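Reviewing the structure listed below.
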Amino acid sequence: MTTPTSHPHDEFTCKEFVALVTQYLEKTLTPLQQATFEAHLTDCEGCATYLEQMRQTVQILGRLDESSVPAEGKDRLLQAFRKWKYE
Ligand SMILES: [Zn+2]
């Protein structure tokens with residue numbers, strides 16, 4: 001009995017999820033990436049919430065600027081969203 005040594009999308013992490021959110025919303029993921037992404041969504045409430053927030057942010061901004069969305073951009077986007085709510 002041998003142990004499988006590689007999985008095409010082994011250990012898909014929240015970090016990868018965040019990295020792919022932009023592409024997911026722009027529908028530019030490959031079918032495999034999209035399937036992996038959506039599988040993670042069903043397992044991870046935090047990422048499901050994050051995706052919802054990203055969707056709302058995109059609606060507010062009207063578009064996604066790729067450079068504004070990496071992991072550390074999350075807080076900034078959330079701030080933008082909060083600010084919008086107060087205006
Ligand atoms: Zn996650």
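Chain identifiers are assigned as A, B, and so on, following the order in which chains appear in the structure tokens; residues are numbered from 1 within each chain, and ligands are numbered from 1 in order of appearance.
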### Query
Which residues form the shell of 6 Å around ligand 1 when you count only C-alpha atoms and all ligand atoms, given as a VMD selection string?
chain A and resid 14 44 46 to 47
### Query
Near region 23-39 of chain A, counting only C-alpha atoms, which residues have an atom at most 8 Å away, once you skip same-chain residues fewer than 3 positions from it, shown as a VMD selection string?
chain A and resid 9 12 17 20 42 to 43 55
Would you save the residues from that selection as a PDB file, in the first residue's frame, using N, CA, C and O atoms?
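again-v7.pdb written:
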ATOM      1  N   HIS A   9      -4.684  19.787  -5.393  1.00  0.00           N
ATOM      2  CA  HIS A   9      -5.003  20.979  -4.594  1.00  0.00           C
ATOM      3  C   HIS A   9      -5.008  20.623  -3.116  1.00  0.00           C
ATOM      4  O   HIS A   9      -5.923  20.904  -2.371  1.00  0.00           O
ATOM      5  N   PHE A  12      -5.652  23.308   0.516  1.00  0.00           N
ATOM      6  CA  PHE A  12      -6.129  24.611   0.066  1.00  0.00           C
ATOM      7  C   PHE A  12      -6.441  25.417   1.321  1.00  0.00           C
ATOM      8  O   PHE A  12      -7.257  25.028   2.151  1.00  0.00           O
ATOM      9  N   PHE A  17      -7.488  30.972  -0.553  1.00  0.00           N
ATOM     10  CA  PHE A  17      -8.869  31.386  -0.822  1.00  0.00           C
ATOM     11  C   PHE A  17      -8.921  32.897  -1.046  1.00  0.00           C
ATOM     12  O   PHE A  17      -9.457  33.378  -2.041  1.00  0.00           O
ATOM     13  N   LEU A  20      -7.545  34.059  -4.250  1.00  0.00           N
ATOM     14  CA  LEU A  20      -8.329  33.755  -5.455  1.00  0.00           C
ATOM     15  C   LEU A  20      -9.672  34.463  -5.505  1.00  0.00           C
ATOM     16  O   LEU A  20     -10.388  34.370  -6.505  1.00  0.00           O
ATOM     17  N   THR A  42     -17.679  25.644   1.484  1.00  0.00           N
ATOM     18  CA  THR A  42     -18.646  24.852   2.232  1.00  0.00           C
ATOM     19  C   THR A  42     -18.078  24.406   3.573  1.00  0.00           C
ATOM     20  O   THR A  42     -18.816  24.033   4.474  1.00  0.00           O
ATOM     21  N   ASP A  43     -16.749  24.429   3.693  1.00  0.00           N
ATOM     22  CA  ASP A  43     -16.067  23.974   4.906  1.00  0.00           C
ATOM     23  C   ASP A  43     -15.715  25.100   5.846  1.00  0.00           C
ATOM     24  O   ASP A  43     -15.323  24.853   6.975  1.00  0.00           O
ATOM     25  N   ARG A  55     -18.118  40.473  -2.200  1.00  0.00           N
ATOM     26  CA  ARG A  55     -19.188  40.693  -3.185  1.00  0.00           C
ATOM     27  C   ARG A  55     -19.822  42.052  -2.982  1.00  0.00           C
ATOM     28  O   ARG A  55     -20.078  42.782  -3.931  1.00  0.00           O
TER      29      ARG A  55
END
### Task
Would you work out the distance separating CA of Lys15 (chain A) from CA of Leu61 (chain A), expressed in Å to one decimal?
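Taking CA of Lys15 (chain A) and CA of Leu61 (chain A), their separation equals 23.1 Å.
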### Task
Give the answer as one residue: which of A:His40, A:Tyr50, A:Gly62, A:Gln56 has the shortest atom-to-atom distance to Thr13 (chain A), using only C-alpha atoms?
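Among the listed residues, the smallest separation from Thr13 (chain A) belongs to A:His40.
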